[in-house]
Each structure stands twice: as structure tokens, then as C-alpha cells.
Amino acid sequence: MALQEKIRILILDDEKQFTEELFEFLQKSGFESFETNTHADAVNVLNKQEIDLFILDVRLPGVNGLDILKDVKVEYPGVEVIVISAHGDMDTVIKAMRLGAFDYLRKPFRHIDIQIAIERTTKYLQLQRKLKLIEERNSLISKTLEERIDRQFIGVSPMIRDIIEAADRASKYPDTNVLITGESGTGKENIARIIHYSSIRKDHFFCPVNSSAITDSLLESEFFGHKKGSFTGAIADKMGFFEVCNHGTLFLDEIADMPLNLQAKILRATEEKMITRVGDTNPVRTDFRVISSTNHDIVRRVSENKFRLDLLHRLNTLHIHIPPLRERPEDIRPLLGYFTDTFAQKFNRPGLAIHKDVFRALEKYSFPGNVRELKNMAERAIILCKNNILNASDFPLTTSPDASPIAGIPVANLKSNEVDLVRKALVSSNYNQKQAADILGITRDALIRKMKKYNITIGKAEN
């Protein structure tokens with residue numbers, strides 16, 4: 001919201017003459033105003049307009065104005081309220097203030113009285129707007145979108161700004177499939193959620209599915225649903241992912257790991273938007289969008305006959321690639337600042353500062369786990385920190401380029417040495433998968449997928 005925009009004021013009072021006079025005065029004073037005489041009309045305006053200030057009479061026919069105040073502060077926390085009443089007493093004033101009213105005026109009042117009250121509230125609103133702009137300075141998505149996706153997307157690099165622009169373009173074409181590529185921990189699901197919740201599909205279901213985590217025996221049932229009695233254990237009719245996502249978005253994570261026997265059926269469903277449940281003969285039409293992601297070289301998977309080329313063409317209408325964190329070191333500082341503030345609040349550690357040496361060390365680190373690894377580092381550092389300054393010693397790395405917890409893997413050759421990296425992590429953790437995953441900065445599931453991909457066996461002797 002720009003600071004120069006007019007303050008929008010809603011008036012609710014059952015006296016028609018009062019609201020008309022106040023509406024006229026506010027309009028002449030340069031405010032954008034709305035007058036209502038019933039609770040229902042006021043709610044209708046609040047639902048349709050972005051209101052900054054609500055002038056509310058506490059004595060209304062059939063409803064208590066304090067109850068309205070309570071509801072407004074819950075449903076519209078950004079709206080400030082000035083309570084007015086011709087029958088005010090100290091108890092009412094106290095209750096109104098406790099429920100979140102910004103000011104209280106007793107009727108009758110002069111225009112100058114309401115003008116002074118509005119000016120006080122306006123200064124507060126403008127301060128709140130400035131704070132909001134400061135908070136969003138490094139965030140590339142709005143607070144509203146951030147709340148809907150339950151994530152913040154931080155960055156200042158040109159690469160990340162280009163990705164946000166690409167996601168915004170993709171959101172404007174809600175029937176177009178999108179493929180998101182990037183290493184583990186770069187935020188591929190974040191981008192998928194941003195696309196969904198910025199599109200006209202935002203009020204419908206966003207269904208994330210890990211394509212490699214579903215057992216072969218349940219694959220078809222999970223995606224297409226089944227009829228009761230179609231197989232042992234099918235005790236009731238069940239909708240599959242495609243039906244659940246009707247008018248919404250199906251997010252296929254790790255799409256390159258999807259079994260070949262399912263790929264042909266996925267292709268047909270995405271082309272025809274028609275599915276048939278297991279054990280049924282009646283097709284069901286469903287309107288969904290597919291956003292998929294992978295951390296593999298999917299073109300190589302096609303050349304190895306592990307992924308269907310026609311399915312890749314269907315899913316890859318729009319392609320968004322997220323570069324690894326080591327290729328955009330300018331994003332480390334705002335990301336670490338955000339994670340530090342988040343965990344400092346969570347662990348009740350106010351006033352934490354970050355020593356400049358920390359940034360120098362992190363900018364030389366390779367970050368095999370990308371943003372997810374940086375988040376884990378910040379959490380661990382705050383837990384280990386013994387004072388109010390985070391030092392480089394609180395982070396599990398050195399200032400040398402090969403700052404990985406596992407020595408001997410050159411950063412420049414990180415991709416080509418991924419197998420060695422995984423094996424060394426397993427050896428150093430005595431084949432404890434959770435510890436090895438923490439060392440690598442990835443999830444245990446991601447580690448298991450890599451072990452399966454490279455045929456790395458637990459307890460296998462290393463050469």
C-alpha cells in the first residue's frame with residue numbers, strides 16, 4: 001500500500017442523518033469514506049473494500065458494538081477503530097480499549113474533535129505502513145501471499161528477482177503446466193505455492209505429492225482413486241490426487257523419480273483432464289493444473305530411458321530454474337538475517353547480532369544443502385551461541401573455500417563428486433542416515449533417494 005494513498009474510512013451508525021453529515025465532512029477533508037447504518041452493510045463493505053479506519057457506534061439495534069469491535073480486530077487486524085457513543089461510561093471505554101479500539105469519542109462531538117482523533121490514527125497508520133515497507137524490503141512477495149503460502153521468499157540477487165517475475169507470469173496462465181528445476185533445498189515448492197496462490201486457482205486445493213515416496217502397489221489408487229471393494233483394503237470409495245485438485249493445483253515433487261509404468265497414465269490424465277478410478281468404468285472430468293519439480297538432470301533421464309519424452313514436453317510448457325545459493329552469495333546476508341530474527345524470537349533470544357566474520361565465512365562456503373542448510377545452520381548457531389553475538393565459531397565451517405564439514409571435496413567439482421560427498425557423510429556419521437543428512441544439509445528422504453540413485457548400500461565397505 002503506497003504511503004500517499006488516501007485513508008479509507010468506514011462509518012457505522014444507525015442514525016442516518018449523523019452518518020450523512022460525517023460522510024460529507026470526511027469527503028471534503030480528503031478522505032475516502034463509506035457510510036453504513038446496519039451491521040450487515042458494514043460487513044459487506046469490509047469484505048469488498050480495504051478499510052483503514054472504522055468509526056463505530058457501540059449502541060446499535062439488535063447488536064452490541066463491542067462484539068462488532070471484537071470481530072473486526074480478529075477478522076481485519078489491520079483496521080483501526082474509533083468507538084463513538086452517546087451513552088458512554090468508563091466501563092464501556094475500558095472494554096473498548098481492551099478489545100483494541102484506538103480511540104473513543106462521546107456524542108455529540110464537534111467536527112474538530114473527530115478530525116483530531118482521525119489525525120492521531122492516521123499518523124499511526126502511516127507509521128505502520130512504513131514498518132510494513134521496511135519488513136518487506138528484502139522479501140520478494142507480499143505479506144498477504146506470504147501468509148497464504150506460510151513461507152517467506154527472501155533475496156536481493158537479480159537471479160531471484162527474475163524467478164519471482166517468472167512465477168508471476170506463470171500465475172497469469174492458470175492452465176499452463178510448469179516445471180521447476182534446481183538443487184535440493186533451493187525452494188522449488190515455495191515457487192510452486194507462489195504460482196498457485198497468485199493465480200485464480202488460489203481458493204482451491206494445492207496438493208503436494210512426492211513422486212518417489214508412494215509405494216508401487218498404491219501408485220494408481222493414490223493418483224486416480226478407487227471404488228469400494230476394488231481391491232483388498234478398499235473399504236470405501238476414495239478420490240485420488242487428480243480429483244482432489246479439481247480447480248486447484250497438483251504439485252508433483254521429484255517428478256524424475258516417478259516409475260515409468262505410471263508416467264504414461266499421468267500423461268494421458270494431464271492431456272485429457274479425464275480420470276477413471278481403480279475398479280470403476282465411469283470416467284470423471286477434473287480441472288487441475290500440474291506444477292512439477294526435480295533436482296535431477298531430467299533431459300539426461302530421458303536419454304537414459306528413465307523418463308518419457310512426451311511427458312516432459314507436456315510438463316515443461318514453462319520452465320523455471322532456481323540457481324543454487326553458492327551462485328548468488330548476495331542473498332546470504334538477508335536470508336541469514338531473516339532466519340536469525342525468526343529463531344531468536346522462537347527461542348526467546350532478543351537482541352542477537354551477527355558478527356561480520358560470519359558473512360565472510362558463509363560467502364566462501366559451497367552450501368550443498370542450499371537455503372535449507374543455511375536455515376539449519378542459523379538455528380543451530382543460535383542454540384550454541386553463548387552471548388548476544390553470533391560468531392563464525394557458532395557455524396560448522398571454516399573460512400576456506402572447501403568449508404564443507406567433510407574435507408577433501410573441491411567446491412568447483414561438487415556436482416561431479418556428489419557420490420563421494422554422500423559416501424563420506426555416511427562414513428563420518430557411522431552410517432547414521434539422519435546424521436549424514438544433517439551433515440549434507442538435506443532431509444533424510446533426500447539422502448535415501450540419493451543412496452538409491454547411486455546404489456550406495458548401508459554398511460558397505462568404502463574403498
# chains A, B, ... in the order shown; residues from 1 in each chain; ligands from 1
$ select_by_dssp --residues "region 101-320 of chain A" --states "alpha helix (DSSP H)" --output "VMD selection string"
chain A and resid 111 to 135 143 to 149 158 to 171 188 to 197 219 to 224 241 to 244 260 to 272 298 to 303 309 to 315
$ residues_around --residues "Leu250 (chain A)" --least-positions-apart "2" --cutoff "10 Å" --atoms "only C-alpha atoms" --output "list in words"
Asn177, Ala192, His196, Phe205, Phe206, Cys207, Pro208, Val209, Phe241, Phe242, Glu243, Val244, Cys245, Asn246, His247, Gly248, Leu252, Asp253, Phe288, Arg289, Val290, Ile291 and Ser292 of chain A
$ write_last_selection --atoms "C-alpha atoms" --output "compact mmCIF listing (two decimals), in the first residue's frame"
# COMPACT_ATOMS: atom_id res chain seq x y z
CA ASN A 177 1.93 -26.63 -16.72
CA ALA A 192 5.08 -23.67 -6.83
CA HIS A 196 -0.74 -21.30 -7.20
CA PHE A 205 -6.59 -27.13 -3.18
CA PHE A 206 -2.80 -27.13 -3.57
CA CYS A 207 -1.78 -30.79 -3.31
CA PRO A 208 1.96 -31.54 -2.95
CA VAL A 209 2.90 -35.13 -3.84
CA PHE A 241 -5.00 -36.64 -6.25
CA PHE A 242 -6.44 -35.61 -9.62
CA GLU A 243 -9.99 -35.35 -8.25
CA VAL A 244 -8.91 -33.68 -5.03
CA CYS A 245 -7.18 -30.99 -7.11
CA ASN A 246 -10.26 -30.13 -9.16
CA HIS A 247 -9.91 -26.37 -9.94
CA GLY A 248 -6.66 -26.42 -7.97
CA LEU A 252 4.50 -33.31 -8.36
CA ASP A 253 7.75 -33.11 -6.41
CA PHE A 288 -6.36 -29.22 -12.48
CA ARG A 289 -3.01 -27.63 -13.17
CA VAL A 290 0.26 -29.55 -12.84
CA ILE A 291 3.39 -27.94 -11.42
CA SER A 292 6.29 -30.36 -11.18
$ atom_distance --atom1 "CA of Lys375 (chain A)" --atom2 "CA of Thr457 (chain A)"
29.0 Å
$ select_by_dssp --residues "region 190-370 of chain A" --states "strand (DSSP E or B)" --output "count of residues only"
30
$ residues_around --residues "region 29-33 of chain A" --least-positions-apart "2" --cutoff "10 Å" --atoms "only C-alpha atoms" --output "PDB file with N, CA and C atoms, in the first residue's frame"
ATOM      1  N   GLU A   5      -1.491   7.100  -0.545  1.00  0.00           N
ATOM      2  CA  GLU A   5      -2.892   6.766  -0.795  1.00  0.00           C
ATOM      3  C   GLU A   5      -3.784   7.404   0.265  1.00  0.00           C
ATOM      4  N   LYS A   6      -5.030   7.698  -0.129  1.00  0.00           N
ATOM      5  CA  LYS A   6      -6.000   8.242   0.808  1.00  0.00           C
ATOM      6  C   LYS A   6      -6.322   7.228   1.896  1.00  0.00           C
ATOM      7  N   ILE A   7      -6.581   7.739   3.105  1.00  0.00           N
ATOM      8  CA  ILE A   7      -7.055   6.889   4.186  1.00  0.00           C
ATOM      9  C   ILE A   7      -8.518   6.567   3.910  1.00  0.00           C
ATOM     10  N   ARG A   8      -8.882   5.276   3.981  1.00  0.00           N
ATOM     11  CA  ARG A   8     -10.252   4.838   3.716  1.00  0.00           C
ATOM     12  C   ARG A   8     -10.978   4.625   5.039  1.00  0.00           C
ATOM     13  N   ILE A   9     -12.096   5.326   5.205  1.00  0.00           N
ATOM     14  CA  ILE A   9     -12.811   5.332   6.476  1.00  0.00           C
ATOM     15  C   ILE A   9     -14.225   4.778   6.287  1.00  0.00           C
ATOM     16  N   LEU A  10     -14.606   3.845   7.151  1.00  0.00           N
ATOM     17  CA  LEU A  10     -15.960   3.283   7.169  1.00  0.00           C
ATOM     18  C   LEU A  10     -16.693   3.788   8.404  1.00  0.00           C
ATOM     19  N   ILE A  11     -17.920   4.262   8.210  1.00  0.00           N
ATOM     20  CA  ILE A  11     -18.748   4.745   9.325  1.00  0.00           C
ATOM     21  C   ILE A  11     -19.909   3.787   9.516  1.00  0.00           C
ATOM     22  N   LEU A  22     -21.397  13.211   8.678  1.00  0.00           N
ATOM     23  CA  LEU A  22     -19.998  12.842   8.893  1.00  0.00           C
ATOM     24  C   LEU A  22     -19.341  12.412   7.578  1.00  0.00           C
ATOM     25  N   PHE A  23     -20.076  11.691   6.742  1.00  0.00           N
ATOM     26  CA  PHE A  23     -19.572  11.272   5.430  1.00  0.00           C
ATOM     27  C   PHE A  23     -19.201  12.497   4.593  1.00  0.00           C
ATOM     28  N   GLU A  24     -20.073  13.501   4.565  1.00  0.00           N
ATOM     29  CA  GLU A  24     -19.820  14.709   3.783  1.00  0.00           C
ATOM     30  C   GLU A  24     -18.591  15.443   4.304  1.00  0.00           C
ATOM     31  N   PHE A  25     -18.460  15.527   5.629  1.00  0.00           N
ATOM     32  CA  PHE A  25     -17.306  16.209   6.224  1.00  0.00           C
ATOM     33  C   PHE A  25     -15.996  15.484   5.874  1.00  0.00           C
ATOM     34  N   LEU A  26     -16.007  14.151   5.965  1.00  0.00           N
ATOM     35  CA  LEU A  26     -14.793  13.375   5.689  1.00  0.00           C
ATOM     36  C   LEU A  26     -14.400  13.466   4.220  1.00  0.00           C
ATOM     37  N   GLN A  27     -15.399  13.437   3.324  1.00  0.00           N
ATOM     38  CA  GLN A  27     -15.109  13.558   1.898  1.00  0.00           C
ATOM     39  C   GLN A  27     -14.452  14.906   1.597  1.00  0.00           C
ATOM     40  N   GLU A  35     -20.384   5.104   4.182  1.00  0.00           N
ATOM     41  CA  GLU A  35     -21.338   5.205   5.298  1.00  0.00           C
ATOM     42  C   GLU A  35     -22.283   4.019   5.291  1.00  0.00           C
ATOM     43  N   ILE A  51     -10.260  -1.245   4.105  1.00  0.00           N
ATOM     44  CA  ILE A  51     -10.567  -0.152   5.028  1.00  0.00           C
ATOM     45  C   ILE A  51      -9.398   0.062   5.993  1.00  0.00           C
ATOM     46  N   ASP A  52      -9.073   1.334   6.237  1.00  0.00           N
ATOM     47  CA  ASP A  52      -8.006   1.669   7.186  1.00  0.00           C
ATOM     48  C   ASP A  52      -8.565   2.013   8.569  1.00  0.00           C
ATOM     49  N   LEU A  53      -9.680   2.744   8.592  1.00  0.00           N
ATOM     50  CA  LEU A  53     -10.229   3.233   9.857  1.00  0.00           C
ATOM     51  C   LEU A  53     -11.734   2.996   9.899  1.00  0.00           C
ATOM     52  N   PHE A  54     -12.209   2.484  11.029  1.00  0.00           N
ATOM     53  CA  PHE A  54     -13.626   2.152  11.218  1.00  0.00           C
ATOM     54  C   PHE A  54     -14.163   2.999  12.365  1.00  0.00           C
ATOM     55  N   GLN A 115     -11.836  15.172  13.769  1.00  0.00           N
ATOM     56  CA  GLN A 115     -10.681  15.412  12.907  1.00  0.00           C
ATOM     57  C   GLN A 115      -9.371  15.158  13.656  1.00  0.00           C
TER      58      GLN A 115
END
$ residues_around --residues "Met274 (chain A)" --least-positions-apart "3" --cutoff "9 Å" --atoms "only C-alpha atoms" --output "PyMOL selection string"
chain A and resi 242+268-271+283-287
$ write_last_selection --atoms "N, CA and C atoms" --output "JSON list (two decimals), in the first residue's frame"
[["chain", "number", "residue", "atom", "x", "y", "z"],
["A", 242, "PHE", "N", -5.90, -36.39, -8.51],
["A", 242, "PHE", "CA", -6.44, -35.61, -9.62],
["A", 242, "PHE", "C", -7.83, -35.05, -9.29],
["A", 268, "ARG", "N", -1.64, -39.15, -19.99],
["A", 268, "ARG", "CA", -2.99, -39.16, -20.53],
["A", 268, "ARG", "C", -3.94, -38.31, -19.69],
["A", 269, "ALA", "N", -3.79, -38.39, -18.37],
["A", 269, "ALA", "CA", -4.67, -37.61, -17.49],
["A", 269, "ALA", "C", -4.44, -36.12, -17.67],
["A", 270, "THR", "N", -3.19, -35.70, -17.82],
["A", 270, "THR", "CA", -2.91, -34.28, -17.98],
["A", 270, "THR", "C", -3.36, -33.76, -19.34],
["A", 271, "GLU", "N", -3.39, -34.64, -20.34],
["A", 271, "GLU", "CA", -3.84, -34.22, -21.68],
["A", 271, "GLU", "C", -5.35, -34.14, -21.77],
["A", 283, "PRO", "N", -15.72, -42.55, -16.37],
["A", 283, "PRO", "CA", -14.69, -41.51, -16.31],
["A", 283, "PRO", "C", -15.20, -40.27, -15.56],
["A", 284, "VAL", "N", -14.28, -39.56, -14.94],
["A", 284, "VAL", "CA", -14.60, -38.34, -14.19],
["A", 284, "VAL", "C", -13.78, -37.20, -14.75],
["A", 285, "ARG", "N", -14.46, -36.09, -15.07],
["A", 285, "ARG", "CA", -13.73, -34.92, -15.57],
["A", 285, "ARG", "C", -13.24, -34.09, -14.39],
["A", 286, "THR", "N", -12.01, -33.66, -14.45],
["A", 286, "THR", "CA", -11.45, -32.83, -13.38],
["A", 286, "THR", "C", -10.53, -31.77, -13.98],
["A", 287, "ASP", "N", -10.60, -30.57, -13.46],
["A", 287, "ASP", "CA", -9.83, -29.43, -13.97],
["A", 287, "ASP", "C", -8.70, -29.13, -12.99]]
$ closest_residue --among "A:Lys306, A:Arg300, A:Lys273, A:Arg333" --to "Val371 (chain A)" --atoms "only C-alpha atoms"
A:Arg333
$ residues_around --residues "Gly187 (chain A)" --least-positions-apart "4" --cutoff "12 Å" --atoms "only C-alpha atoms" --output "count of residues only"
32
$ closest_residue --among "A:Arg349, A:Lys356, A:Lys386, A:Lys238" --to "Gly225 (chain A)" --atoms "only C-alpha atoms"
A:Lys238
